[in-house]
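J.: Hey, dropping data28.pdb in here, PDB, C-alpha atoms and all ligand atoms:
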MODEL        1
ATOM      1  CA  GLN A   1      41.863 -28.168 -73.590
ATOM      2  CA  ALA A   2      41.595 -26.671 -70.105
ATOM      3  CA  LYS A   3      37.997 -27.738 -69.822
ATOM      4  CA  ARG A   4      38.831 -31.241 -70.907
ATOM      5  CA  SER A   5      41.618 -31.586 -68.361
ATOM      6  CA  GLY A   6      39.198 -30.224 -65.745
ATOM      7  CA  ARG A   7      36.689 -32.918 -66.525
ATOM      8  CA  GLY A   8      39.522 -35.420 -66.823
ATOM      9  CA  ARG A   9      40.619 -34.615 -63.305
ATOM     10  CA  VAL A  10      37.171 -35.468 -61.959
ATOM     11  CA  VAL A  11      37.294 -38.800 -63.765
ATOM     12  CA  VAL A  12      40.821 -39.542 -62.485
ATOM     13  CA  TYR A  13      39.720 -38.715 -58.952
ATOM     14  CA  THR A  14      36.821 -41.162 -58.975
ATOM     15  CA  ARG A  15      39.047 -43.755 -60.574
ATOM     16  CA  GLU A  16      41.584 -43.273 -57.777
ATOM     17  CA  MET A  17      38.866 -43.733 -55.210
ATOM     18  CA  GLU A  18      37.718 -46.832 -57.005
ATOM     19  CA  GLU A  19      41.292 -48.176 -57.058
ATOM     20  CA  ALA A  20      41.667 -47.493 -53.333
ATOM     21  CA  ALA A  21      38.386 -49.268 -52.557
ATOM     22  CA  LYS A  22      39.491 -52.229 -54.681
ATOM     23  CA  ARG A  23      42.792 -52.382 -52.849
ATOM     24  CA  VAL A  24      41.059 -52.397 -49.472
ATOM     25  CA  THR A  25      38.798 -55.233 -50.631
ATOM     26  CA  ARG A  26      41.798 -57.148 -51.918
ATOM     27  CA  ILE A  27      43.589 -56.753 -48.593
ATOM     28  CA  GLU A  28      40.411 -57.745 -46.745
ATOM     29  CA  GLN A  29      40.054 -60.965 -48.740
ATOM     30  CA  ALA A  30      43.732 -61.876 -48.405
ATOM     31  CA  LEU A  31      43.594 -61.128 -44.668
ATOM     32  CA  ARG A  32      40.528 -63.338 -44.137
ATOM     33  CA  ARG A  33      42.372 -66.163 -45.816
ATOM     34  CA  ALA A  34      45.565 -65.525 -43.834
ATOM     35  CA  VAL A  35      43.700 -65.449 -40.515
ATOM     36  CA  SER A  36      41.906 -68.748 -41.211
ATOM     37  CA  ALA A  37      45.203 -70.279 -42.302
ATOM     38  CA  GLY A  38      46.882 -69.007 -39.121
ATOM     39  CA  GLU A  39      49.387 -66.905 -41.048
ATOM     40  CA  VAL A  40      49.441 -63.737 -38.957
ATOM     41  CA  GLU A  41      52.304 -63.876 -36.467
ATOM     42  CA  PRO A  42      53.166 -61.957 -33.332
ATOM     43  CA  HIS A  43      56.553 -60.293 -33.137
ATOM     44  CA  PHE A  44      57.869 -59.120 -29.786
ATOM     45  CA  GLN A  45      59.507 -55.844 -28.831
ATOM     46  CA  PRO A  46      61.366 -55.566 -25.512
ATOM     47  CA  ILE A  47      60.259 -53.147 -22.795
ATOM     48  CA  VAL A  48      63.086 -52.270 -20.403
ATOM     49  CA  ASP A  49      63.823 -50.799 -17.023
ATOM     50  CA  LEU A  50      65.451 -47.564 -18.196
ATOM     51  CA  LYS A  51      67.940 -47.385 -15.340
ATOM     52  CA  ASP A  52      69.681 -50.715 -15.803
ATOM     53  CA  ARG A  53      68.356 -51.639 -19.275
ATOM     54  CA  ARG A  54      67.008 -54.922 -17.943
ATOM     55  CA  VAL A  55      64.171 -56.391 -20.036
ATOM     56  CA  ILE A  56      60.943 -56.500 -18.010
ATOM     57  CA  GLY A  57      58.489 -57.613 -20.685
ATOM     58  CA  PHE A  58      57.564 -57.614 -24.352
ATOM     59  CA  GLU A  59      54.808 -56.077 -26.445
ATOM     60  CA  ALA A  60      53.267 -58.413 -29.028
ATOM     61  CA  LEU A  61      52.842 -56.747 -32.441
ATOM     62  CA  ALA A  62      51.020 -58.435 -35.323
ATOM     63  CA  ARG A  63      52.978 -59.160 -38.505
ATOM     64  CA  TRP A  64      51.611 -60.356 -41.836
ATOM     65  CA  THR A  65      53.345 -61.206 -45.093
ATOM     66  CA  ASP A  66      50.950 -62.122 -47.894
ATOM     67  CA  ARG A  67      52.021 -64.344 -50.814
ATOM     68  CA  ASP A  68      50.939 -61.763 -53.377
ATOM     69  CA  LEU A  69      50.806 -58.472 -51.507
ATOM     70  CA  GLY A  70      54.109 -58.956 -49.659
ATOM     71  CA  VAL A  71      54.590 -57.386 -46.224
ATOM     72  CA  VAL A  72      51.498 -55.439 -45.204
ATOM     73  CA  PRO A  73      52.135 -53.156 -42.187
ATOM     74  CA  PRO A  74      49.780 -53.226 -39.173
ATOM     75  CA  ALA A  75      48.989 -49.554 -39.733
ATOM     76  CA  THR A  76      47.319 -50.757 -42.966
ATOM     77  CA  PHE A  77      45.763 -54.107 -42.032
ATOM     78  CA  ILE A  78      44.611 -53.435 -38.451
ATOM     79  CA  PRO A  79      42.205 -50.630 -39.476
ATOM     80  CA  ILE A  80      40.889 -52.777 -42.347
ATOM     81  CA  ALA A  81      40.444 -55.724 -39.974
ATOM     82  CA  GLU A  82      38.479 -53.444 -37.655
ATOM     83  CA  GLU A  83      36.253 -51.997 -40.357
ATOM     84  CA  ARG A  84      35.529 -55.328 -42.000
ATOM     85  CA  GLY A  85      34.885 -57.354 -38.847
ATOM     86  CA  ILE A  86      38.052 -59.473 -38.905
ATOM     87  CA  ILE A  87      39.709 -57.994 -35.813
ATOM     88  CA  GLY A  88      38.199 -60.544 -33.390
ATOM     89  CA  PRO A  89      39.568 -63.692 -35.063
ATOM     90  CA  LEU A  90      42.839 -61.932 -35.948
ATOM     91  CA  SER A  91      43.348 -60.820 -32.374
ATOM     92  CA  GLN A  92      42.579 -64.288 -31.010
ATOM     93  CA  LEU A  93      45.080 -65.856 -33.387
ATOM     94  CA  VAL A  94      47.815 -63.419 -32.404
ATOM     95  CA  LEU A  95      47.091 -63.771 -28.665
ATOM     96  CA  ARG A  96      47.133 -67.569 -28.885
ATOM     97  CA  LYS A  97      50.488 -67.583 -30.664
ATOM     98  CA  ALA A  98      51.911 -64.872 -28.419
ATOM     99  CA  THR A  99      51.004 -66.663 -25.182
ATOM    100  CA  GLU A 100      52.322 -69.969 -26.571
ATOM    101  CA  ALA A 101      55.652 -68.227 -27.165
ATOM    102  CA  ALA A 102      55.692 -66.290 -23.896
ATOM    103  CA  ARG A 103      55.084 -69.460 -21.868
ATOM    104  CA  ASN A 104      58.735 -70.318 -22.569
ATOM    105  CA  TRP A 105      60.136 -67.079 -21.204
ATOM    106  CA  PRO A 106      61.335 -66.476 -17.634
ATOM    107  CA  ASP A 107      58.328 -66.098 -15.297
ATOM    108  CA  GLU A 108      59.032 -62.515 -14.309
ATOM    109  CA  LEU A 109      58.541 -61.198 -17.834
ATOM    110  CA  PHE A 110      55.138 -59.817 -18.838
ATOM    111  CA  LEU A 111      53.494 -59.916 -22.237
ATOM    112  CA  SER A 112      51.501 -56.938 -23.413
ATOM    113  CA  PHE A 113      48.886 -57.100 -26.086
ATOM    114  CA  ASN A 114      46.938 -54.431 -28.013
ATOM    115  CA  LEU A 115      43.142 -54.296 -28.115
ATOM    116  CA  SER A 116      41.389 -52.312 -30.842
ATOM    117  CA  PRO A 117      38.508 -49.908 -30.194
ATOM    118  CA  SER A 118      35.874 -52.225 -31.708
ATOM    119  CA  GLN A 119      36.945 -55.005 -29.350
ATOM    120  CA  LEU A 120      36.018 -52.786 -26.415
ATOM    121  CA  VAL A 121      32.394 -52.602 -27.511
ATOM    122  CA  ASP A 122      32.124 -56.381 -27.966
ATOM    123  CA  GLN A 123      31.239 -58.081 -24.687
ATOM    124  CA  ASN A 124      32.639 -61.389 -25.976
ATOM    125  CA  THR A 125      36.177 -59.980 -25.999
ATOM    126  CA  GLY A 126      36.817 -60.786 -22.337
ATOM    127  CA  LEU A 127      35.522 -64.343 -22.677
ATOM    128  CA  HIS A 128      37.692 -64.964 -25.723
ATOM    129  CA  ILE A 129      40.815 -63.714 -23.973
ATOM    130  CA  LEU A 130      40.149 -65.824 -20.871
ATOM    131  CA  ALA A 131      39.457 -68.910 -23.002
ATOM    132  CA  ILE A 132      42.782 -68.494 -24.797
ATOM    133  CA  LEU A 133      44.726 -68.077 -21.538
ATOM    134  CA  ASP A 134      42.992 -71.160 -20.213
ATOM    135  CA  ARG A 135      43.894 -73.165 -23.282
ATOM    136  CA  THR A 136      47.531 -72.076 -23.490
ATOM    137  CA  GLY A 137      48.016 -72.139 -19.715
ATOM    138  CA  PHE A 138      49.450 -68.631 -19.664
ATOM    139  CA  ASP A 139      49.267 -66.919 -16.265
ATOM    140  CA  PRO A 140      46.823 -63.963 -16.535
ATOM    141  CA  GLN A 141      48.951 -62.071 -14.007
ATOM    142  CA  ARG A 142      51.679 -61.879 -16.630
ATOM    143  CA  LEU A 143      49.383 -60.364 -19.259
ATOM    144  CA  GLU A 144      48.808 -56.678 -19.904
ATOM    145  CA  ILE A 145      46.328 -55.289 -22.363
ATOM    146  CA  GLU A 146      47.000 -51.966 -24.076
ATOM    147  CA  ILE A 147      44.060 -49.781 -24.977
ATOM    148  CA  THR A 148      43.970 -46.270 -26.407
ATOM    149  CA  GLU A 149      41.985 -43.225 -25.412
ATOM    150  CA  THR A 150      40.091 -43.555 -28.686
ATOM    151  CA  GLY A 151      39.208 -47.127 -27.734
ATOM    152  CA  LEU A 152      37.392 -45.857 -24.660
ATOM    153  CA  MET A 153      35.437 -43.168 -26.418
ATOM    154  CA  SER A 154      32.653 -44.857 -28.332
ATOM    155  CA  ASP A 155      31.154 -46.767 -25.396
ATOM    156  CA  PRO A 156      32.978 -46.118 -22.109
ATOM    157  CA  ALA A 157      30.536 -48.234 -20.058
ATOM    158  CA  SER A 158      31.048 -51.267 -22.264
ATOM    159  CA  ALA A 159      34.827 -50.796 -22.237
ATOM    160  CA  GLU A 160      34.801 -50.487 -18.473
ATOM    161  CA  LYS A 161      32.894 -53.724 -18.048
ATOM    162  CA  ILE A 162      35.324 -55.638 -20.277
ATOM    163  CA  VAL A 163      38.325 -54.130 -18.563
ATOM    164  CA  ASN A 164      36.966 -54.898 -15.092
ATOM    165  CA  ASP A 165      36.274 -58.528 -16.018
ATOM    166  CA  LEU A 166      39.870 -58.890 -17.188
ATOM    167  CA  ARG A 167      41.289 -57.118 -14.188
ATOM    168  CA  ARG A 168      39.447 -59.496 -11.867
ATOM    169  CA  VAL A 169      41.689 -62.371 -12.987
ATOM    170  CA  GLY A 170      44.852 -60.285 -12.611
ATOM    171  CA  ILE A 171      45.322 -58.909 -16.121
ATOM    172  CA  ARG A 172      46.837 -55.433 -16.061
ATOM    173  CA  VAL A 173      45.599 -52.565 -18.179
ATOM    174  CA  SER A 174      47.703 -49.882 -19.804
ATOM    175  CA  LEU A 175      46.757 -46.723 -21.635
ATOM    176  CA  ASP A 176      48.622 -46.739 -24.965
ATOM    177  CA  ASP A 177      49.764 -43.779 -27.089
ATOM    178  CA  PHE A 178      48.950 -41.363 -24.273
ATOM    179  CA  GLY A 179      48.633 -37.731 -25.277
ATOM    180  CA  THR A 180      47.628 -38.137 -28.900
ATOM    181  CA  GLY A 181      44.054 -39.418 -28.618
ATOM    182  CA  GLN A 182      40.925 -37.303 -28.385
ATOM    183  CA  SER A 183      40.140 -38.094 -24.804
ATOM    184  CA  SER A 184      40.504 -35.939 -21.718
ATOM    185  CA  LEU A 185      42.317 -36.203 -18.413
ATOM    186  CA  GLY A 186      38.899 -36.891 -16.893
ATOM    187  CA  ARG A 187      39.270 -40.421 -18.247
ATOM    188  CA  LEU A 188      42.078 -40.987 -15.762
ATOM    189  CA  ARG A 189      39.721 -40.186 -12.882
ATOM    190  CA  GLU A 190      37.020 -42.592 -14.001
ATOM    191  CA  PHE A 191      39.235 -45.428 -15.102
ATOM    192  CA  HIS A 192      42.054 -47.000 -13.200
ATOM    193  CA  PHE A 193      45.007 -47.829 -15.418
ATOM    194  CA  ASP A 194      47.953 -49.815 -14.126
ATOM    195  CA  LYS A 195      50.313 -48.239 -16.610
ATOM    196  CA  LEU A 196      50.535 -45.357 -19.030
ATOM    197  CA  LYS A 197      52.563 -45.368 -22.249
ATOM    198  CA  ILE A 198      53.820 -41.960 -23.339
ATOM    199  CA  ASP A 199      53.417 -41.631 -27.097
ATOM    200  CA  ARG A 200      56.449 -41.582 -29.353
ATOM    201  CA  ALA A 201      55.471 -38.112 -30.590
ATOM    202  CA  PHE A 202      56.667 -36.591 -27.285
ATOM    203  CA  VAL A 203      59.714 -38.822 -26.919
ATOM    204  CA  SER A 204      61.030 -38.148 -30.426
ATOM    205  CA  THR A 205      61.037 -34.397 -29.771
ATOM    206  CA  ILE A 206      62.169 -34.427 -26.136
ATOM    207  CA  LEU A 207      65.669 -33.120 -26.890
ATOM    208  CA  ASP A 208      64.801 -30.169 -29.077
ATOM    209  CA  ASP A 209      61.380 -29.082 -28.040
ATOM    210  CA  ARG A 210      60.569 -27.348 -24.738
ATOM    211  CA  PRO A 211      56.835 -28.180 -24.860
ATOM    212  CA  SER A 212      57.565 -31.921 -25.208
ATOM    213  CA  GLU A 213      59.937 -31.797 -22.269
ATOM    214  CA  HIS A 214      57.375 -30.083 -20.067
ATOM    215  CA  ILE A 215      54.561 -32.363 -21.179
ATOM    216  CA  ILE A 216      56.621 -35.460 -20.403
ATOM    217  CA  ARG A 217      57.585 -34.124 -16.978
ATOM    218  CA  ALA A 218      53.950 -33.343 -16.218
ATOM    219  CA  ILE A 219      52.843 -36.830 -17.322
ATOM    220  CA  LEU A 220      55.515 -38.412 -15.103
ATOM    221  CA  ALA A 221      54.421 -36.357 -12.101
ATOM    222  CA  MET A 222      50.811 -37.322 -12.741
ATOM    223  CA  CYS A 223      51.638 -41.051 -13.025
ATOM    224  CA  ASP A 224      53.587 -40.830  -9.809
ATOM    225  CA  GLY A 225      50.653 -39.217  -8.022
ATOM    226  CA  LEU A 226      48.091 -41.635  -9.423
ATOM    227  CA  GLY A 227      50.264 -44.687  -8.746
ATOM    228  CA  MET A 228      50.589 -45.708 -12.386
ATOM    229  CA  ASP A 229      53.646 -47.309 -13.940
ATOM    230  CA  VAL A 230      54.993 -45.530 -16.976
ATOM    231  CA  VAL A 231      56.731 -46.511 -20.220
ATOM    232  CA  ALA A 232      58.083 -44.071 -22.782
ATOM    233  CA  GLU A 233      57.566 -45.349 -26.353
ATOM    234  CA  GLY A 234      59.733 -44.910 -29.429
ATOM    235  CA  ILE A 235      63.126 -44.283 -27.802
ATOM    236  CA  GLU A 236      65.714 -44.336 -30.584
ATOM    237  CA  GLU A 237      68.695 -42.449 -29.129
ATOM    238  CA  GLU A 238      70.852 -42.728 -26.016
ATOM    239  CA  ALA A 239      70.394 -39.035 -25.306
ATOM    240  CA  GLN A 240      66.603 -39.480 -25.231
ATOM    241  CA  ALA A 241      66.952 -42.379 -22.767
ATOM    242  CA  ASP A 242      69.337 -40.329 -20.590
ATOM    243  CA  ARG A 243      66.937 -37.409 -20.453
ATOM    244  CA  LEU A 244      64.020 -39.673 -19.568
ATOM    245  CA  VAL A 245      65.994 -41.275 -16.721
ATOM    246  CA  GLN A 246      66.906 -37.798 -15.488
ATOM    247  CA  PHE A 247      63.184 -36.938 -15.403
ATOM    248  CA  GLY A 248      62.446 -40.114 -13.443
ATOM    249  CA  CYS A 249      60.838 -42.239 -16.151
ATOM    250  CA  ALA A 250      61.104 -45.901 -15.148
ATOM    251  CA  GLY A 251      60.195 -47.824 -18.297
ATOM    252  CA  GLY A 252      61.238 -47.564 -21.940
ATOM    253  CA  GLN A 253      60.596 -49.134 -25.313
ATOM    254  CA  GLY A 254      62.079 -48.370 -28.714
ATOM    255  CA  TYR A 255      64.546 -49.303 -31.427
ATOM    256  CA  LEU A 256      67.414 -48.316 -29.086
ATOM    257  CA  PHE A 257      66.668 -51.406 -26.977
ATOM    258  CA  GLY A 258      65.348 -53.689 -29.671
ATOM    259  CA  ARG A 259      63.089 -53.900 -32.699
ATOM    260  CA  PRO A 260      60.145 -56.262 -32.787
ATOM    261  CA  ALA A 261      61.434 -59.799 -33.529
ATOM    262  CA  ASP A 262      59.764 -63.170 -34.078
ATOM    263  CA  ALA A 263      59.257 -65.792 -31.371
ATOM    264  CA  ASP A 264      62.437 -67.759 -32.144
ATOM    265  CA  ALA A 265      64.679 -64.706 -32.234
ATOM    266  CA  THR A 266      63.116 -63.445 -29.001
ATOM    267  CA  LEU A 267      63.734 -66.731 -27.223
ATOM    268  CA  GLY A 268      67.357 -66.761 -28.446
ATOM    269  CA  TYR A 269      67.812 -63.194 -27.246
ATOM    270  CA  LEU A 270      66.416 -64.098 -23.813
ATOM    271  CA  ARG A 271      68.645 -67.154 -23.521
ATOM    272  CA  ASP A 272      71.699 -65.009 -24.231
ATOM    273  CA  SER A 273      70.789 -62.115 -21.970
ATOM    274  CA  PHE A 274      69.612 -64.247 -19.049
ATOM    275  CA  ARG A 275      72.692 -66.433 -19.270
ATOM    276  CA  GLY A 276      74.714 -63.199 -19.230
ATOM    277  CA  ALA A 277      72.788 -61.974 -16.198
ATOM    278  CA  ALA A 278      73.269 -65.299 -14.398
ATOM    279  CA  ARG A 279      77.011 -65.144 -15.089
ATOM    280  CA  LYS A 280      77.155 -61.587 -13.744
ATOM    281  CA  ALA A 281      75.257 -62.572 -10.588
ATOM    282  CA  THR A 282      77.540 -65.517  -9.819
ATOM    283  CA  GLY A 283      80.666 -63.459 -10.556
TER     284      GLY A 283
HETATM  285  P1  LIG B 301      51.471 -49.390 -30.822
HETATM  286  O1  LIG B 301      50.669 -50.338 -29.998
HETATM  287  O2  LIG B 301      51.630 -48.007 -30.288
HETATM  288  O3  LIG B 301      52.887 -50.091 -31.018
HETATM  289  C1  LIG B 301      54.105 -49.409 -31.113
HETATM  290  C2  LIG B 301      54.509 -49.199 -32.547
HETATM  291  O4  LIG B 301      55.695 -48.383 -32.575
HETATM  292  C3  LIG B 301      54.882 -50.490 -33.275
HETATM  293  O5  LIG B 301      54.553 -50.314 -34.642
HETATM  294  C4  LIG B 301      56.393 -50.528 -33.106
HETATM  295  O6  LIG B 301      57.048 -51.332 -34.064
HETATM  296  C5  LIG B 301      56.721 -49.067 -33.274
HETATM  297  N1  LIG B 301      57.990 -48.680 -32.636
HETATM  298  C6  LIG B 301      58.553 -49.199 -31.528
HETATM  299  N2  LIG B 301      59.710 -48.579 -31.219
HETATM  300  C7  LIG B 301      59.899 -47.634 -32.169
HETATM  301  C8  LIG B 301      60.932 -46.655 -32.388
HETATM  302  O7  LIG B 301      61.915 -46.537 -31.664
HETATM  303  N3  LIG B 301      60.771 -45.847 -33.477
HETATM  304  C9  LIG B 301      59.692 -45.952 -34.317
HETATM  305  N4  LIG B 301      59.639 -45.132 -35.347
HETATM  306  N5  LIG B 301      58.699 -46.861 -34.132
HETATM  307  C10 LIG B 301      58.814 -47.687 -33.064
HETATM  308  P2  LIG B 301      53.808 -51.444 -35.483
HETATM  309  O8  LIG B 301      54.264 -52.788 -35.087
HETATM  310  O9  LIG B 301      53.918 -51.050 -36.918
HETATM  311  O10 LIG B 301      52.304 -51.318 -35.007
HETATM  312  C11 LIG B 301      51.559 -50.154 -35.243
HETATM  313  C12 LIG B 301      50.268 -50.163 -34.468
HETATM  314  O11 LIG B 301      49.405 -51.203 -34.946
HETATM  315  C13 LIG B 301      50.450 -50.455 -32.980
HETATM  316  O12 LIG B 301      50.855 -49.267 -32.308
HETATM  317  C14 LIG B 301      49.053 -50.930 -32.609
HETATM  318  O13 LIG B 301      48.207 -49.834 -32.416
HETATM  319  C15 LIG B 301      48.621 -51.659 -33.865
HETATM  320  N6  LIG B 301      48.818 -53.107 -33.672
HETATM  321  C16 LIG B 301      49.908 -53.874 -33.890
HETATM  322  N7  LIG B 301      49.674 -55.170 -33.587
HETATM  323  C17 LIG B 301      48.380 -55.228 -33.155
HETATM  324  C18 LIG B 301      47.535 -56.295 -32.684
HETATM  325  O14 LIG B 301      47.913 -57.472 -32.566
HETATM  326  N8  LIG B 301      46.240 -55.956 -32.347
HETATM  327  C19 LIG B 301      45.802 -54.663 -32.423
HETATM  328  N9  LIG B 301      44.538 -54.411 -32.069
HETATM  329  N10 LIG B 301      46.568 -53.648 -32.841
HETATM  330  C20 LIG B 301      47.849 -53.919 -33.203
HETATM  331 MG    MG B 302      50.725 -50.814 -28.063
HETATM  332 MG    MG B 303      51.854 -47.420 -28.394
HETATM  333 MG    MG B 304      52.147 -45.528 -30.797
ENDMDL
END
Take the structure in the file and write it out as structure tokens.
T.:
Amino acid sequence: QAKRSGRGRVVVYTREMEEAAKRVTRIEQALRRAVSAGEVEPHFQPIVDLKDRRVIGFEALARWTDRDLGVVPPATFIPIAEERGIIGPLSQLVLRKATEAARNWPDELFLSFNLSPSQLVDQNTGLHILAILDRTGFDPQRLEIEITETGLMSDPASAEKIVNDLRRVGIRVSLDDFGTGQSSLGRLREFHFDKLKIDRAFVSTILDDRPSEHIIRAILAMCDGLGMDVVAEGIEEEAQADRLVQFGCAGGQGYLFGRPADADATLGYLRDSFRGAARKATG
């Protein structure tokens, strides 16, 4: 009996692996179809000035609901898109739609956009981005690209060339999820980033964890010294925002200020808040 269940376990294990592989292939096929049909949509999450809670820009985040699979989260489909060579077309689709939406926002708001590691080894990435901005007429000076430490690792020289080409037309570059990747501080000497985004892992523990507090304060001091803007990610509570302001953190993003929302909802939100601001300004 024991022996049989032992052998059975081996069989179940391979079957589970087989099921997982099948699921990935199913997602891959559905995603290819969705990308060609233009069915992946950007949602937009506000980024605010922490002191006065004014919105200063939005991060575009890809959203996909498949007919059969339902909502598939980016944490699932982005890695599959990367592995199976779909990230380029997916990214171009999302950037096109995002810039078409952001064209209708007030001029002072920026749009930030995530690039995956494999896009930083593909020298066509820069050309594709510039072609899309050209076509949609979106001002490159209002665009920021977010890259991670991991994205710089596999081929730093290639990444640097892409980033420099984009920076030449005024696109800003931010370092996303700072503090959780496998890179080193040396990266910050070699590369110039316009902005650094402090990972949610530090923000979510800032109130009850001395190490997080000290790490955040050290990051803020470093950004100040290096002349980088800073945004704290994943702020969910007022007390976290208060503490960050007290430490001198200028920018914030998180559910406290707004969840990612589609283009229509975002435009409605901007109409309301900018009308409110205009009313305030005129008394
Ligand atoms: P990210 O770039 O670090 O984006 C921030 C993630 O944190 C988003 O998850 C956002 O919804 C979530 N978030 C924001 N505020 C809060 C908060 O207060 N609490 C919590 N718990 N979460 C919060 P999302 O949209 O699921 O995206 C996950 C990741 O997928 C992104 O992390 C990014 O790495 C990747 N991703 C999303 N869209 C794209 C895309 O268009 N292209 C590429 N290459 N990657 C993308
Ligand atoms: Mg990001
Ligand atoms: Mg992030
Ligand atoms: Mg993150």
J.: Counting all atoms listed in the file, what residues are within 8 Å of ligand MG 304 (chain B), given as a list in words?
T.: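 Listing the residues within 8 Å of ligand MG 304 (chain B) gives Asp176, Asp177, Asp199, Arg200, Glu233 and Gly234 of chain A.
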J.: If the PyMOL selection byres (((not hetatm)) within 8 of (chain B and resi 302)) were run on this exact file, what residues would it hold? Put them as number ranges by chain.
T.: A: 59, 61, 112-114, 146-147, 176-177
J.: Applying the PyMOL selection byres (((chain A and resi 67) around 12) and not hetatm) to the file I just gave you, which residues come out? Please list them as an NGL selection string.
T.: :A and (27 or 30-31 or 33-34 or 39 or 64-66 or 68-72)
J.: I need the residues from that last selection saved to file as a CSV table (one decimal), in the coordinates of the input (with C-alpha atoms), if you can.
T.:
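Result saved to selection.csv:
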chain,number,residue,atom,x,y,z
A,27,ILE,CA,43.6,-56.8,-48.6
A,30,ALA,CA,43.7,-61.9,-48.4
A,31,LEU,CA,43.6,-61.1,-44.7
A,33,ARG,CA,42.4,-66.2,-45.8
A,34,ALA,CA,45.6,-65.5,-43.8
A,39,GLU,CA,49.4,-66.9,-41.0
A,64,TRP,CA,51.6,-60.4,-41.8
A,65,THR,CA,53.3,-61.2,-45.1
A,66,ASP,CA,51.0,-62.1,-47.9
A,68,ASP,CA,50.9,-61.8,-53.4
A,69,LEU,CA,50.8,-58.5,-51.5
A,70,GLY,CA,54.1,-59.0,-49.7
A,71,VAL,CA,54.6,-57.4,-46.2
A,72,VAL,CA,51.5,-55.4,-45.2
J.: Using only C-alpha atoms and all ligand atoms, what table do you get, as a Markdown table, when you list each residue of chain A with an atom no more than 8 Å from ligand LIG 301 (chain B), its nearest pair of atoms, and their distance in Å rounded to one decimal, rows by chain then rising number?
T.:
| residue | atom | partner | partner_atom | distance |
| --- | --- | --- | --- | --- |
| A:Pro42 | CA | B:LIG301 | O14 | 6.9 |
| A:Gln45 | CA | B:LIG301 | C6 | 7.2 |
| A:Glu59 | CA | B:LIG301 | O3 | 7.8 |
| A:Ala60 | CA | B:LIG301 | O14 | 6.5 |
| A:Leu61 | CA | B:LIG301 | N7 | 3.7 |
| A:Ala62 | CA | B:LIG301 | N7 | 3.9 |
| A:Arg63 | CA | B:LIG301 | N7 | 7.1 |
| A:Pro73 | CA | B:LIG301 | O9 | 5.9 |
| A:Pro74 | CA | B:LIG301 | O11 | 4.7 |
| A:Ala75 | CA | B:LIG301 | O11 | 5.1 |
| A:Ile78 | CA | B:LIG301 | N10 | 5.9 |
| A:Ile87 | CA | B:LIG301 | N9 | 7.1 |
| A:Leu90 | CA | B:LIG301 | O14 | 7.6 |
| A:Ser91 | CA | B:LIG301 | N8 | 5.7 |
| A:Val94 | CA | B:LIG301 | O14 | 6.0 |
| A:Leu95 | CA | B:LIG301 | O14 | 7.5 |
| A:Phe113 | CA | B:LIG301 | O14 | 6.6 |
| A:Asn114 | CA | B:LIG301 | C19 | 4.6 |
| A:Leu115 | CA | B:LIG301 | N9 | 4.2 |
| A:Ser116 | CA | B:LIG301 | N9 | 4.0 |
| A:Pro117 | CA | B:LIG301 | N9 | 7.8 |
| A:Glu146 | CA | B:LIG301 | O1 | 7.2 |
| A:Asp176 | CA | B:LIG301 | O2 | 6.2 |
| A:Asp177 | CA | B:LIG301 | O2 | 5.6 |
| A:Asp199 | CA | B:LIG301 | O2 | 7.4 |
| A:Arg200 | CA | B:LIG301 | N3 | 7.3 |
| A:Glu233 | CA | B:LIG301 | N2 | 6.2 |
| A:Gly234 | CA | B:LIG301 | O7 | 3.5 |
| A:Ile235 | CA | B:LIG301 | O7 | 4.6 |
| A:Glu236 | CA | B:LIG301 | O7 | 4.5 |
| A:Gln253 | CA | B:LIG301 | N2 | 6.0 |
| A:Gly254 | CA | B:LIG301 | N2 | 3.5 |
| A:Tyr255 | CA | B:LIG301 | O7 | 3.8 |
| A:Leu256 | CA | B:LIG301 | O7 | 6.3 |
| A:Gly258 | CA | B:LIG301 | N2 | 7.8 |
| A:Arg259 | CA | B:LIG301 | N2 | 6.5 |
| A:Pro260 | CA | B:LIG301 | O6 | 6.0 |
J.: How many Å lie between atom CA of Asp194 of chain A and atom CA of Val48 of chain A, rounded to one decimal?
T.: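 Separation of atom CA of Asp194 of chain A and atom CA of Val48 of chain A: 16.6 Å.
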J.: Going by the chain IDs and residue numbers used in this file, which residues fall under the PyMOL selection byres (((chain A and resi 56) around 8) and not hetatm)? Write them as a list in words.
T.: Pro46, Ile47, Val48, Asp49, Arg54, Val55, Gly57, Phe58, Glu108, Leu109 and Phe110 of chain A
J.: Can you work out which one of A:Arg53, A:Arg271, A:Arg217, A:Arg84 has the shortest atom-to-atom distance to Gln246 of chain A, counting only C-alpha atoms?
T.: A:Arg217
J.: If we count only C-alpha atoms, what is near Phe247 of chain A at a cut-off of 12 Å, once residues fewer than 3 positions away on the same chain are taken out, given as a CSV table (one decimal) with C-alpha atoms, keeping the file's coordinate frame?
T.:
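Writing done, so here's out-v7.csv:
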chain,number,residue,atom,x,y,z
A,50,LEU,CA,65.5,-47.6,-18.2
A,51,LYS,CA,67.9,-47.4,-15.3
A,206,ILE,CA,62.2,-34.4,-26.1
A,213,GLU,CA,59.9,-31.8,-22.3
A,214,HIS,CA,57.4,-30.1,-20.1
A,215,ILE,CA,54.6,-32.4,-21.2
A,216,ILE,CA,56.6,-35.5,-20.4
A,217,ARG,CA,57.6,-34.1,-17.0
A,218,ALA,CA,54.0,-33.3,-16.2
A,219,ILE,CA,52.8,-36.8,-17.3
A,220,LEU,CA,55.5,-38.4,-15.1
A,221,ALA,CA,54.4,-36.4,-12.1
A,224,ASP,CA,53.6,-40.8,-9.8
A,230,VAL,CA,55.0,-45.5,-17.0
A,232,ALA,CA,58.1,-44.1,-22.8
A,240,GLN,CA,66.6,-39.5,-25.2
A,241,ALA,CA,67.0,-42.4,-22.8
A,242,ASP,CA,69.3,-40.3,-20.6
A,243,ARG,CA,66.9,-37.4,-20.5
A,244,LEU,CA,64.0,-39.7,-19.6
A,250,ALA,CA,61.1,-45.9,-15.1
A,251,GLY,CA,60.2,-47.8,-18.3
